[in-house]
$ cat start_28.txt   # compact mmCIF, C-alpha atoms
# COMPACT_ATOMS: atom_id res chain seq x y z
CA MET O 1 26.84 160.87 258.08
CA LEU O 2 26.11 161.69 261.73
CA GLU O 3 27.41 159.29 264.32
CA GLU O 4 24.95 157.42 266.51
CA PRO O 5 24.28 158.99 269.91
CA ALA O 6 26.66 157.61 272.49
CA THR O 7 25.27 154.90 274.73
CA ILE O 8 24.92 155.97 278.35
CA GLU O 9 26.07 153.75 281.19
CA LEU O 10 25.11 154.86 284.70
CA SER O 11 27.42 154.33 287.66
CA SER O 12 26.18 153.71 291.16
CA LEU O 13 27.07 156.69 293.33
CA ASN O 14 25.42 158.57 296.18
CA ASP O 15 22.62 160.81 294.99
CA SER O 16 23.17 164.09 296.79
CA SER O 17 20.34 165.69 294.82
CA ALA O 18 17.66 163.39 296.21
CA PRO O 19 14.74 165.17 297.92
CA PRO O 20 14.84 165.43 301.72
CA GLY O 21 11.92 163.10 302.04
CA ALA O 22 13.69 160.43 300.13
CA GLN O 23 16.81 160.82 302.30
CA ALA O 24 14.72 160.55 305.43
CA SER O 25 13.12 157.44 304.08
CA ASN O 26 16.54 155.94 303.48
CA ASN O 27 17.65 156.76 307.04
CA ASN O 28 14.53 155.16 308.48
CA ASN O 29 15.28 151.94 306.65
CA ASP O 30 18.95 151.69 307.65
CA ASN O 31 18.12 148.91 310.08
CA THR O 32 16.55 146.67 307.41
CA PRO O 33 18.63 147.04 304.25
CA SER O 34 17.94 143.48 303.19
CA GLU O 35 14.27 144.30 302.69
CA ILE O 36 14.96 147.02 300.12
CA PRO O 37 15.04 145.72 296.54
CA GLU O 38 18.45 146.06 294.88
CA SER O 39 16.93 147.92 291.93
CA THR O 40 15.49 150.52 294.32
CA LEU O 41 18.84 151.07 295.99
CA GLU O 42 20.53 151.55 292.63
CA SER O 43 17.95 154.02 291.43
CA GLN O 44 18.35 156.03 294.64
CA ASN O 45 22.16 156.14 294.34
CA ARG O 46 22.54 157.32 290.75
CA GLU O 47 24.36 160.61 290.57
CA SER O 48 26.31 160.79 287.32
CA ALA O 49 26.52 159.09 283.96
CA VAL O 50 29.55 157.94 281.95
CA ALA O 51 29.21 158.19 278.18
CA LEU O 52 30.53 155.25 276.21
CA PRO O 53 32.34 155.80 272.89
CA PRO O 54 30.08 155.70 269.82
CA VAL O 55 29.49 152.52 267.83
CA ASP O 56 30.57 152.10 264.19
CA GLY O 57 32.97 155.03 264.16
CA GLY O 58 35.02 157.54 266.06
CA MET O 59 38.68 157.77 267.00
CA GLN O 60 38.59 155.07 269.66
CA ALA O 61 36.77 152.57 267.46
CA TRP O 62 39.22 152.91 264.58
CA THR O 63 42.16 152.91 267.00
CA PHE O 64 40.89 149.54 268.20
CA VAL O 65 40.79 148.32 264.59
CA ALA O 66 44.37 149.48 263.96
CA ALA O 67 45.71 147.88 267.13
CA ALA O 68 43.80 144.64 266.52
CA PHE O 69 45.17 144.64 262.96
CA VAL O 70 48.70 144.61 264.42
CA LEU O 71 47.89 141.73 266.79
CA GLU O 72 46.42 139.78 263.88
CA ALA O 73 49.59 140.36 261.88
CA LEU O 74 51.83 139.26 264.75
CA VAL O 75 49.92 136.11 265.68
CA TRP O 76 48.55 134.85 262.38
CA GLY O 77 50.84 136.64 259.93
CA PHE O 78 53.95 135.31 261.62
CA GLY O 79 52.47 131.83 261.89
CA SER O 80 51.54 131.73 258.21
CA SER O 81 55.11 132.73 257.29
CA TYR O 82 56.62 129.55 258.71
CA GLY O 83 57.20 128.30 255.16
CA ILE O 84 60.40 130.40 255.07
CA PHE O 85 61.70 128.74 258.22
CA GLN O 86 60.61 125.35 256.94
CA ASP O 87 62.60 125.72 253.75
CA TYR O 88 65.65 126.92 255.73
CA TYR O 89 65.42 124.16 258.35
CA THR O 90 65.11 121.54 255.62
CA HIS O 91 68.32 122.56 253.84
CA ASN O 92 70.55 123.70 256.74
CA PRO O 93 71.95 122.12 259.90
CA PRO O 94 71.12 121.04 262.50
CA PHE O 95 67.67 120.04 261.25
CA ASN O 96 68.44 119.08 257.64
CA THR O 97 68.86 115.44 258.67
CA SER O 98 65.41 115.36 260.26
CA SER O 99 62.17 114.25 258.70
CA GLU O 100 60.55 116.85 256.45
CA THR O 101 57.22 115.85 257.95
CA ALA O 102 58.47 116.66 261.45
CA ILE O 103 59.82 120.03 260.30
CA ALA O 104 56.51 120.84 258.62
CA ALA O 105 54.66 119.90 261.83
CA VAL O 106 56.11 122.98 263.58
CA GLY O 107 54.13 125.40 261.42
CA THR O 108 51.06 123.18 261.24
CA VAL O 109 50.80 122.87 265.01
CA GLY O 110 51.46 126.59 265.51
CA LEU O 111 48.47 127.49 263.32
CA ALA O 112 46.16 124.67 264.41
CA ILE O 113 46.32 125.15 268.18
CA PRO O 114 44.83 128.69 268.25
CA TYR O 115 41.83 127.37 266.30
CA ILE O 116 41.41 124.42 268.64
CA GLU O 117 41.71 126.39 271.88
CA VAL O 118 39.73 129.52 270.92
CA ILE O 119 36.37 128.30 272.29
CA GLY O 120 37.91 127.32 275.62
CA ILE O 121 39.80 130.60 275.89
CA LEU O 122 36.66 132.63 275.18
CA VAL O 123 34.70 130.65 277.79
CA ILE O 124 37.34 131.49 280.41
CA TYR O 125 37.29 135.17 279.46
CA GLU O 126 33.49 135.18 279.54
CA ARG O 127 33.30 133.77 283.05
CA TRP O 128 36.13 135.88 284.47
CA PRO O 129 36.28 138.98 282.24
CA HIS O 130 38.51 140.91 284.67
CA ILE O 131 41.47 138.61 283.90
CA THR O 132 41.29 139.21 280.14
CA LYS O 133 43.74 142.08 279.76
CA PRO O 134 46.31 140.75 282.28
CA THR O 135 46.18 137.36 280.57
CA MET O 136 46.81 139.01 277.20
CA TRP O 137 49.97 140.62 278.57
CA VAL O 138 51.14 137.28 279.95
CA ALA O 139 50.36 135.61 276.60
CA LEU O 140 52.45 138.21 274.75
CA ALA O 141 55.39 137.56 277.08
CA VAL O 142 55.05 133.79 276.69
CA SER O 143 54.85 133.96 272.89
CA CYS O 144 58.00 136.09 272.67
CA GLY O 145 59.76 133.89 275.21
CA SER O 146 58.90 130.76 273.24
CA LEU O 147 60.57 132.18 270.12
CA ALA O 148 63.65 133.22 272.11
CA LEU O 149 63.91 129.74 273.65
CA SER O 150 63.41 128.16 270.23
CA SER O 151 66.71 129.70 269.19
CA PHE O 152 68.46 127.23 271.52
CA ALA O 153 66.74 124.16 270.03
CA THR O 154 68.89 121.25 268.89
CA LYS O 155 66.13 118.79 267.97
CA VAL O 156 63.03 119.20 265.83
CA TRP O 157 60.79 118.21 268.74
CA HIS O 158 62.15 121.24 270.62
CA LEU O 159 60.84 123.44 267.79
CA ILE O 160 57.51 121.61 267.72
CA ILE O 161 56.96 122.33 271.41
CA LEU O 162 58.32 125.90 271.56
CA GLN O 163 57.82 127.48 268.12
CA GLY O 164 54.73 125.35 267.53
CA VAL O 165 52.70 124.41 270.63
CA VAL O 166 53.69 127.14 273.10
CA PHE O 167 53.65 129.98 270.57
CA GLY O 168 50.29 128.76 269.22
CA MET O 169 48.68 128.56 272.66
CA ALA O 170 49.99 131.96 273.72
CA GLY O 171 49.00 133.51 270.40
CA GLY O 172 45.44 132.22 270.75
CA ALA O 173 45.11 133.65 274.26
CA LEU O 174 46.52 136.98 273.06
CA TYR O 175 44.23 137.29 270.06
CA ALA O 176 40.90 135.76 271.19
CA PRO O 177 39.46 138.86 272.95
CA VAL O 178 39.61 140.77 269.66
CA LEU O 179 36.81 138.55 268.34
CA VAL O 180 34.54 139.51 271.23
CA TRP O 181 35.39 143.20 271.51
CA LEU O 182 34.92 143.74 267.78
CA SER O 183 31.17 143.20 268.27
CA GLU O 184 31.11 145.93 270.91
CA TRP O 185 32.76 148.53 268.68
CA PHE O 186 31.02 147.79 265.36
CA VAL O 187 27.52 146.69 264.35
CA ARG O 188 26.44 148.01 260.95
CA ARG O 189 30.03 148.30 259.68
CA ARG O 190 31.25 145.15 261.33
CA GLY O 191 32.06 143.42 258.04
CA LEU O 192 34.35 146.23 256.92
CA ALA O 193 36.01 146.65 260.32
CA GLY O 194 36.46 142.91 260.70
CA SER O 195 37.94 142.53 257.24
CA ILE O 196 40.51 145.24 258.00
CA ILE O 197 41.49 143.50 261.22
CA PHE O 198 41.64 140.07 259.60
CA GLY O 199 43.64 141.60 256.78
CA GLY O 200 46.45 141.77 259.30
CA LEU O 201 47.08 138.11 258.52
CA GLY O 202 47.86 138.98 254.93
CA ALA O 203 49.87 142.07 255.86
CA GLY O 204 51.92 140.12 258.37
CA GLY O 205 52.22 137.28 255.91
CA ALA O 206 53.64 139.74 253.37
CA VAL O 207 56.08 141.50 255.72
CA PHE O 208 57.35 138.58 257.80
CA PRO O 209 58.63 136.44 254.87
CA LEU O 210 60.73 139.35 253.62
CA LEU O 211 61.88 140.17 257.15
CA ILE O 212 62.72 136.56 257.98
CA ASN O 213 64.58 136.01 254.72
CA GLY O 214 66.48 139.29 255.19
CA LEU O 215 67.47 138.38 258.75
CA LEU O 216 68.57 134.89 257.71
CA SER O 217 70.75 136.41 254.99
CA ALA O 218 72.14 139.24 257.14
CA THR O 219 72.89 137.23 260.26
CA GLY O 220 73.50 133.85 258.65
CA SER O 221 71.90 132.38 261.75
CA TRP O 222 68.40 131.09 262.35
CA GLN O 223 69.05 131.47 266.08
CA TRP O 224 69.59 135.23 265.92
CA THR O 225 66.73 135.54 263.47
CA LEU O 226 64.35 134.06 266.05
CA ARG O 227 65.74 136.28 268.82
CA ILE O 228 65.35 139.45 266.78
CA LEU O 229 61.82 138.44 265.75
CA ALA O 230 60.95 137.84 269.42
CA LEU O 231 62.07 141.41 270.19
CA VAL O 232 60.14 142.83 267.22
CA ILE O 233 56.95 141.05 268.32
CA ALA O 234 57.45 142.13 271.94
CA VAL O 235 57.77 145.82 271.09
CA SER O 236 55.05 146.06 268.43
CA GLY O 237 52.73 143.76 270.37
CA SER O 238 53.07 145.87 273.53
CA VAL O 239 52.14 149.04 271.66
CA ALA O 240 49.12 147.37 270.03
CA LEU O 241 47.97 145.73 273.26
CA TRP O 242 47.97 149.09 275.02
CA PHE O 243 45.23 150.32 272.65
CA VAL O 244 43.20 147.10 272.35
CA LYS O 245 40.39 147.36 274.87
CA PRO O 246 36.65 146.73 275.14
CA ARG O 247 34.13 149.47 274.47
CA VAL O 248 32.14 148.63 277.63
CA PRO O 249 34.26 148.80 280.82
CA ILE O 250 34.84 145.41 282.41
CA VAL O 251 33.38 144.99 285.90
CA ARG O 252 34.79 142.29 288.15
CA ARG O 253 32.06 139.84 289.01
CA GLN O 254 31.47 138.67 292.55
CA GLN O 255 31.66 134.98 293.40
CA GLY O 256 27.91 134.50 293.21
CA GLN O 257 27.67 136.34 289.87
CA VAL O 258 29.86 133.88 287.94
CA LYS O 259 27.46 131.83 285.85
CA PRO O 260 28.07 128.93 283.47
CA VAL O 261 28.37 129.95 279.83
CA ASN O 262 25.57 128.64 277.63
CA MET O 263 27.18 126.48 274.91
CA SER O 264 23.95 124.99 273.53
CA PHE O 265 24.43 126.94 270.26
CA MET O 266 27.21 124.51 269.36
CA LYS O 267 24.59 121.82 268.77
CA THR O 268 22.51 123.82 266.30
CA PRO O 269 22.58 122.79 262.61
CA LEU O 270 23.50 126.33 261.53
CA TYR O 271 26.57 126.47 263.78
CA LEU O 272 27.72 123.00 262.73
CA SER O 273 27.29 123.86 259.05
CA VAL O 274 29.35 127.04 259.40
CA GLU O 275 32.08 125.21 261.32
CA VAL O 276 32.33 122.47 258.68
CA THR O 277 32.50 125.11 255.93
CA ILE O 278 35.22 127.03 257.75
CA PHE O 279 37.19 123.82 258.35
CA ILE O 280 37.09 122.83 254.70
CA GLN O 281 38.08 126.28 253.46
CA ALA O 282 40.90 126.52 256.01
CA ILE O 283 42.27 123.19 254.75
CA ALA O 284 42.45 124.76 251.29
CA TYR O 285 43.89 128.10 252.42
CA PHE O 286 46.70 127.27 254.81
CA PRO O 287 48.63 124.76 252.67
CA VAL O 288 49.20 127.54 250.13
CA SER O 289 50.68 129.90 252.73
CA LEU O 290 52.70 127.16 254.42
CA TYR O 291 54.04 125.26 251.43
CA MET O 292 54.26 127.76 248.57
CA PRO O 293 57.97 128.51 249.22
CA THR O 294 58.67 124.76 249.28
CA TYR O 295 56.66 124.27 246.08
CA THR O 296 58.57 127.07 244.36
CA SER O 297 61.88 125.44 245.30
CA ALA O 298 60.58 122.04 244.16
CA VAL O 299 60.03 123.30 240.59
CA GLY O 300 63.65 124.49 240.47
CA LEU O 301 63.28 128.19 241.28
CA PRO O 302 65.58 130.11 243.70
CA ILE O 303 64.57 130.39 247.35
CA ILE O 304 64.15 134.17 247.09
CA ASN O 305 61.40 133.62 244.53
CA GLY O 306 59.48 131.55 247.06
CA THR O 307 59.73 134.40 249.55
CA VAL O 308 58.44 136.95 247.05
CA VAL O 309 55.64 134.61 245.94
CA LEU O 310 54.46 134.21 249.53
CA ALA O 311 54.56 137.97 250.07
CA VAL O 312 52.52 138.62 246.91
CA PHE O 313 50.00 135.96 247.95
CA ASN O 314 49.44 137.65 251.30
CA ILE O 315 49.20 141.14 249.79
CA ALA O 316 46.53 139.87 247.40
CA SER O 317 44.66 138.35 250.34
CA VAL O 318 44.59 141.72 252.13
CA VAL O 319 42.94 143.37 249.12
CA GLY O 320 40.45 140.55 248.75
CA GLN O 321 39.75 140.55 252.50
CA VAL O 322 38.69 144.20 252.54
CA ILE O 323 36.57 143.77 249.39
CA PHE O 324 34.74 140.74 250.78
CA GLY O 325 34.29 142.41 254.16
CA HIS O 326 32.69 145.40 252.46
CA LEU O 327 30.42 143.06 250.48
CA CYS O 328 29.37 141.30 253.69
CA ASP O 329 27.82 144.58 254.87
CA ARG O 330 25.75 144.82 251.67
CA MET O 331 24.72 141.32 250.61
CA PRO O 332 23.88 137.94 252.18
CA TYR O 333 26.82 136.15 253.72
CA THR O 334 26.05 132.95 251.87
CA ARG O 335 26.44 134.67 248.50
CA VAL O 336 29.86 136.03 249.51
CA MET O 337 31.01 132.59 250.68
CA ILE O 338 29.81 130.95 247.46
CA ILE O 339 31.71 133.48 245.34
CA SER O 340 34.84 132.93 247.41
CA GLY O 341 34.57 129.14 247.47
CA VAL O 342 33.86 128.65 243.76
CA GLY O 343 36.47 131.22 242.72
CA SER O 344 39.23 129.72 244.84
CA ALA O 345 38.40 126.17 243.69
CA LEU O 346 38.53 127.16 240.02
CA SER O 347 41.81 129.01 240.46
CA ALA O 348 43.37 125.96 242.12
CA TYR O 349 42.16 123.55 239.41
CA LEU O 350 42.90 125.77 236.41
CA LEU O 351 46.05 127.62 237.52
CA TRP O 352 47.98 125.81 240.25
CA GLY O 353 47.97 122.50 238.44
CA PHE O 354 49.75 124.10 235.47
CA ALA O 355 51.96 126.52 237.45
CA HIS O 356 55.45 125.25 236.59
CA SER O 357 56.88 128.65 235.72
CA LEU O 358 57.30 131.72 237.89
CA TRP O 359 54.75 133.92 236.11
CA LEU O 360 52.04 131.23 236.39
CA ILE O 361 52.80 130.81 240.07
CA PHE O 362 52.43 134.57 240.55
CA LEU O 363 49.14 134.52 238.63
CA PHE O 364 47.81 131.72 240.80
CA VAL O 365 48.73 133.30 244.15
CA VAL O 366 47.25 136.65 243.11
CA VAL O 367 43.93 135.16 242.00
CA PHE O 368 43.70 132.57 244.78
CA GLY O 369 44.76 135.05 247.47
CA ALA O 370 42.28 137.69 246.35
CA VAL O 371 39.35 135.32 245.91
CA VAL O 372 39.72 133.00 248.87
CA SER O 373 41.02 135.88 251.06
CA MET O 374 39.83 134.14 254.23
CA SER O 375 36.35 135.45 253.42
CA PHE O 376 34.76 133.24 256.04
CA THR O 377 36.47 135.38 258.71
CA SER O 378 34.71 138.45 257.35
CA ILE O 379 31.34 137.10 258.50
CA SER O 380 32.50 136.02 261.98
$ encode --input "start_28.txt" --output "structure tokens"
Amino acid sequence: MLEEPATIELSSLNDSSAPPGAQASNNNNDNTPSEIPESTLESQNRESAVALPPVDGGMQAWTFVAAAFVLEALVWGFGSSYGIFQDYYTHNPPFNTSSETAIAAVGTVGLAIPYIEVIGILVIYERWPHITKPTMWVALAVSCGSLALSSFATKVWHLIILQGVVFGMAGGALYAPVLVWLSEWFVRRRGLAGSIIFGGLGAGGAVFPLLINGLLSATGSWQWTLRILALVIAVSGSVALWFVKPRVPIVRRQQGQVKPVNMSFMKTPLYLSVEVTIFIQAIAYFPVSLYMPTYTSAVGLPIINGTVVLAVFNIASVVGQVIFGHLCDRMPYTRVMIISGVGSALSAYLLWGFAHSLWLIFLFVVVFGAVVSMSFTSIS
């Protein structure tokens, strides 16, 4: 299939090829530049054109997808793997004497805050787009620093603030631009591209539990585990952030060009309905990723089984994510969401309620992960 012709963006430069008469006219009007319409000046100063990368394909578009996939895995995949830390904190000092609810709050807050702040972050980036990339670099540094500082925590509230609040806020600021720039790179194949990016949650959720459990076993220290993870996220995040960029070059706006962002869409019935649907499905999805290791231990199975179960759940969600994203490009979104919602509800009622053995737990996480698969993100 042939790629679409590249979009052309014209830059304002001096037009040396303008006819002599036009140049003379410009010289005659030097004394009254304010009377010349801005559009006329621009049309007289166009000399060259810069071709933008093609939409829906090409090396740069798929490089963006790959890099955004990594950021998704680091921010959301790591956050959804907190169940491993939760199980460790609950059974080992110095936090084993603390409330289980307080320990669980670390992971809950870390995942909730990016959702809460995303609208505000996007509004800031919309009004001052030139600060987007620098802010993403700062957010990456803050998120890694919060994990490193968490390794010195002695109280659960230290973890709630550092591993929960600070990491969540920085992760949201680091990831939010991906949602906007995705629409610049992909139009017709947006569902597929988005599902690959959002599949980073499942990939990260499959890798991080094994990595965290391996580090806890090898080092015997949750402190060094957090420090090593901070280094891993810093290195891989820096590489990914280097390649994550918008398709249309960002131009710094002048003071008078900064305009309020129109938020009236938030009052429309369609937007409110989608938000309520997403909220309900998220309530069903995240408890599985956060508490499955704890549930596995509660039915008397070894901790390593909980780690493997969580990894299998996230791998299944990656497969389901790509399938649903592909379907979103070929059928109405509502039909995809109905299939996902009904399928995940039936799997929870018919499988999880009876999952008291390891093979039933594996069956549930495979079916639930593949069907629910965060399909609502595929239509965003």
$ atom_distance --input "start_28.txt" --atom1 "CA of Gly57 (chain O)" --atom2 "CA of Leu192 (chain O)"
11.5 Å
$ atom_distance --input "start_28.txt" --atom1 "CA of Arg127 (chain O)" --atom2 "CA of Trp185 (chain O)"
20.6 Å
$ closest_atom_pairs --input "start_28.txt" --of "region 118-191 of chain O" --to "region 208-232 of chain O" --cutoff "12 Å" --atoms "all atoms listed in the file" --output "tab-separated table"
residue	atom	partner	partner_atom	distance
O:Leu140	CA	O:Ala230	CA	10.0
O:Ala141	CA	O:Ala230	CA	9.5
O:Val142	CA	O:Ala230	CA	10.2
O:Ser143	CA	O:Ala230	CA	8.0
O:Cys144	CA	O:Ala230	CA	4.7
O:Gly145	CA	O:Ala230	CA	7.1
O:Ser146	CA	O:Ala230	CA	8.3
O:Leu147	CA	O:Ala230	CA	5.7
O:Ala148	CA	O:Arg227	CA	5.0
O:Leu149	CA	O:Arg227	CA	8.3
O:Ser150	CA	O:Leu226	CA	7.3
O:Ser151	CA	O:Gln223	CA	4.3
O:Phe152	CA	O:Gln223	CA	6.9
O:Ala153	CA	O:Gln223	CA	8.6
O:Thr154	CA	O:Gln223	CA	10.6
O:Leu159	CA	O:Leu226	CA	11.3
O:Leu162	CA	O:Leu226	CA	11.5
O:Gln163	CA	O:Leu226	CA	9.5
O:Phe167	CA	O:Ala230	CA	10.8
$ closest_residue --input "start_28.txt" --among "O:Asn96, O:Ser264, O:Gln281, O:Thr296" --to "Gly343 (chain O)" --atoms "all atoms listed in the file"
O:Gln281
$ atom_distance --input "start_28.txt" --atom1 "CA of Tyr82 (chain O)" --atom2 "CA of Phe313 (chain O)"
14.2 Å
$ closest_residue --input "start_28.txt" --among "O:Val138, O:Ile121, O:Trp62, O:His130" --to "Leu241 (chain O)" --atoms "all atoms listed in the file"
O:Val138
$ closest_residue --input "start_28.txt" --among "O:Pro177, O:Pro293, O:Gly320, O:Gly205" --to "Glu126 (chain O)" --atoms "only C-alpha atoms"
O:Pro177
$ residues_near_point --input "start_28.txt" --point "(32.6, 142.9, 251.9)" --cutoff "8 Å" --atoms "all atoms listed in the file" --output "number ranges by chain"
O: 191-192, 195, 321-330, 336, 378
$ closest_residue --input "start_28.txt" --among "O:Gly83, O:Val166, O:Tyr175, O:Met337" --to "Gly237 (chain O)" --atoms "all atoms listed in the file"
O:Tyr175
$ closest_residue --input "start_28.txt" --among "O:Ser344, O:Thr132, O:Thr108, O:Thr294" --to "Ile84 (chain O)" --atoms "all atoms listed in the file"
O:Thr294
$ closest_residue --input "start_28.txt" --among "O:Arg188, O:Phe69, O:Ala345, O:Ala355" --to "Tyr285 (chain O)" --atoms "only C-alpha atoms"
O:Ala345
$ residues_around --input "start_28.txt" --residues "region 314-317 of chain O" --least-positions-apart "3" --cutoff "8 Å" --atoms "all atoms listed in the file" --output "count of residues only"
21
$ residues_around --input "start_28.txt" --residues "Phe243 (chain O)" --least-positions-apart "3" --cutoff "12 Å" --atoms "all atoms listed in the file" --output "ChimeraX atom specification"
/O:59-71,133,178,236-240,246-247
